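Working notes, beginning with the structure itself.
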Amino acid sequence: MTAELPALQVVIPLLCAPLCLLFRSRTAAWLMFLLAALASLGCAVLMAGQVAGGDMLRYEMGGWEPPVGIEYVIAGFNVPLLLLVSTIAVVVAVYGRRSLESEISSSRIPLLYACLCLNLTGLLGIVSTGDVFNAFVFLEIASLSSYALIAMGKGRRALLAAFQYLVIGTVGAVFILIGVGLTYAVTGSLNMADLAARLPDAYGNRALTAGAVFVFVGFAVKMAVFPLHGWLPDAYAEAPSAVSTFLAATGTKVAIYAFMRFAFTVFGAALVFERLPLDRIGLSLASLAMLVGAAAACFQTDLKYLLAWSSVAHVGYIVAGYSLATVDGVQASYLHLINHAVIKGSLFAAAGILMLRLGSVRLEALSGLGRTMPWTFGAIAVAGLGLVGVPLTAGFVSKWALATALIDEGQGLVLAAMLVSSLLAVVYTGRIIEIGWFREPSGSTAAAGTTPVSMGVATWALVLASLYFGVDPRLPASLADAAASALLGPGGG
Amino acid sequence: MSGSLYVYWLIFALMMIGLYIVISHGNLVKKLIGLNIFQVSVFLLYISFGKVRDGSAPIVKEGIDTYSHPLPHVLILTAIVVGVATTALGLALVVRIFEAYGSLEEDLLHERDAASGVDGPS
């Protein structure tokens, strides 16, 4: 049984998806999603224990030996992602039940849970696979289900956002497919470990260089790195609240992981960061993303758009970390990846509570509500301080790690961009706090009903997790340590 | 060199035509058509990798000892399924967008959103 864990964690959510459709009942579908999330979390925890000593789990799909067959590889570099994605899925399952009932017509809810199961399958698959073509297939499973999830948003703009994302996302995925194809044409292999062994002989081959560039541009689209972030704000802001929470915390993060996995353990840092100038490109785009994302967030009039633009900025932080191609940099990337997922998840969850009770998250509709909804606004304020990077929050720990890594490499300009971006985060977080507590209630938007306990608990669980990681960062730090040494260490992959 | 590689030139030309349609056309259905051309060109790229000179179709038969490489064909079978799913989902979205807005021209759609007072992105 334990030997099958790498396959089970992907197969269980995959099997739950059609069951959601067959049952056609909201409760049964919700239970299936909860089951899928809990099962994958259980698998992730067990596997994390097995590879804690720096080991690597290799699983041959269907008994076919790699490099011919598809293998799943679980090691230090993907354990943090497995834990993160499945934990967020559990939280979203708890949170989403009431939230979705208020936003989606009841006949569509089982469909939505089916898509969530598929999305979870795709994300876990990308993270655990050790085969480049398999990674593309899982990427498409995750993407197609997320297009459908976004299209289920309340307003008609959700449809446009989903279509826009579908077009951009498919172009990105096809770029990855072209890159994988060219790499395959050069080496004749699709297995990541096998590719890593064969590629150094082919460095300098023009088709290989083109292939690497296609793959990385494709992932950059999925990661929403500036200037390829166009799809992200609309998609996150228009999706149903529970879906925004799930996607904001996991979607781009998994793409970032895939980028790092391809860069360090497939193509190799020698090709990506020495022969190709991806380090310089990464650092400059990251700096621009930090500045543009944070500045745009300051001018938003809608809370969910504000949060989505802030995500664009935070993708910049993570990209800056691994673009240094040092152990410290990659470690800072992982740390910020975990911390930002928890923080942004809690913020989108809090926005979902506001959506449920007010029917809108336009900033002007929120004036003065801090006094009537102290718990929800408290969550936003605490998590918002995490975005800024105030000491004792998770954001501080990872920004500090990133700043140290940048100073070590003498990247003063990137550090300056990071500081300006953090100051801008003070501005946009400050705006929410100012509107919530220091303005007179506008009367027209009284909060209706009460906050469902499950939603409040899920939101605060994430907020408290972000505070805990800020005070005692041992858990994320040890995961990030193991990840960085597995990615960059000798024989990594 | 370019003589023996003419297949790749054709495929990359097709690829760029598809990408250009996606970028230049404002009509959502035309965008999907462009996306399809783009995807199909990549399918052709993979299939061309599998061709072995003088190789026959990869079906074992007496008297034939050179076969084309079947793996790229199998890979692209998967990618074709993904492409079909993408097109189906895209067309479904197009239908819903037409029902909600009464148009499929991108400019008009954004105008109507702005007119209805829905909050726009900056």
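Identifiers for the structure tokens are assigned positionally: chains receive A, B, ... in sequence, residues are indexed from 1 per chain, and ligands are indexed from 1 in the order shown.
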
Would you kindly report the residues of chain A within 8 Å of chain B, using only C-alpha atoms, as a list in words?
->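 Listing them in order of chain and number gives Phe133, Val137, Glu140, Leu144, Ala148, Ala151, Arg156, Arg157, Leu159, Leu160, Ala162, Phe163, Leu166, Val167, Thr170, Val171, Val174, Leu177, Ile178, Gly181, Ala185, Pro233, Asp234, Ala296, Phe299, Gln300, Thr301, Asp302 and Tyr305 of chain A.
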
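DSSP on the backbone gives alpha helix (DSSP H) for these parts of range 332-373 of chain A: Ala332, Ser333, Tyr334, Leu335, His336, Leu337, Ile338, Asn339, His340, Ala341, Val342, Ile343, Lys344, Gly345, Ser346, Leu347, Phe348, Ala349, Ala350, Ala351, Gly352, Ile353, Leu354, Met355, Leu356, Arg357 and Leu358 of chain A.
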
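Using only C-alpha atoms, the residues found no farther than 9 Å from range 399-401 of chain A, other than those of its own chain fewer than 2 positions away, are Tyr317, Asp328, Gly329, Gln331, Ala332, Ser333, Leu335, His336, Gly389, Ala394, Gly395, Phe396, Val397, Ala403, Thr404, Ala405, Leu406 and Met418 of chain A.
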
Just-selected residues, C-alpha atoms written as a short mmCIF file (atom, residue, chain, number, x, y, z; two decimals), in the first residue's frame:
data_model
loop_
_atom_site.label_atom_id
_atom_site.label_comp_id
_atom_site.auth_asym_id
_atom_site.auth_seq_id
_atom_site.Cartn_x
_atom_site.Cartn_y
_atom_site.Cartn_z
CA TYR A 317 9.37 38.05 -5.47
CA ASP A 328 19.77 30.72 -0.65
CA GLY A 329 17.78 32.18 -3.51
CA GLN A 331 15.24 28.51 -0.59
CA ALA A 332 13.81 32.03 -0.35
CA SER A 333 11.64 31.27 -3.38
CA LEU A 335 9.66 30.00 1.51
CA HIS A 336 7.82 32.85 -0.16
CA GLY A 389 6.15 41.92 5.41
CA ALA A 394 5.10 34.99 7.49
CA GLY A 395 5.70 37.64 4.84
CA PHE A 396 8.56 39.08 6.87
CA VAL A 397 10.38 35.76 7.15
CA ALA A 403 16.62 40.22 0.78
CA THR A 404 19.62 38.38 2.29
CA ALA A 405 19.97 36.22 -0.81
CA LEU A 406 19.84 39.33 -3.03
CA MET A 418 11.49 44.90 -3.58
#

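If you look at CA of Ser485 in chain A and CA of Gly316 in chain A, they are 22.2 Å away from each other.
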
Skipping near chain neighbours, those fewer than 4 positions away, what residues fall within 8 Å of Ser284 in chain A using only C-alpha atoms, listed as a ChimeraX atom specification?
-> /A:280,288,414

Test item: residues at most 8 Å from Val10 in chain A, only C-alpha atoms, excluding those fewer than 5 positions along its chain, as a list in words |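 Near neighbours after the sequence-gap exclusion: Ser40, Thr121, Gly122, Leu124 and Gly125 of chain A.
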
Can you tell me, as a list in words, what residues are no more than 10 Å from Gly76 in chain A when counting only C-alpha atoms, ignoring any on the same chain fewer than 2 positions away?
-> Ala48, Val51, Ala52, Gly53, Gly54, Asp55, Met56, Leu57, Val73, Ile74, Asn78, Val79, Pro80, Leu81, Ser478, Leu479, Ala480, Asp481, Ala482, Ala483, Ala484, Ser485, Ala486, Leu487 and Gly492 of chain A

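Neighbouring residues of range 368-374 of chain A at 7 Å or closer, counting only C-alpha atoms and skipping chain neighbours under 5 positions away, are Ile435, Gly436, Trp437, Phe438, Arg439, Glu440 and Pro441 of chain A.
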
Figure out the distance between CA of Ser189 in chain A and CA of Val132 in chain A, please, to one decimal in Å.
->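 Computed distance, CA of Val132 in chain A to CA of Ser189 in chain A, equals 9.2 Å.
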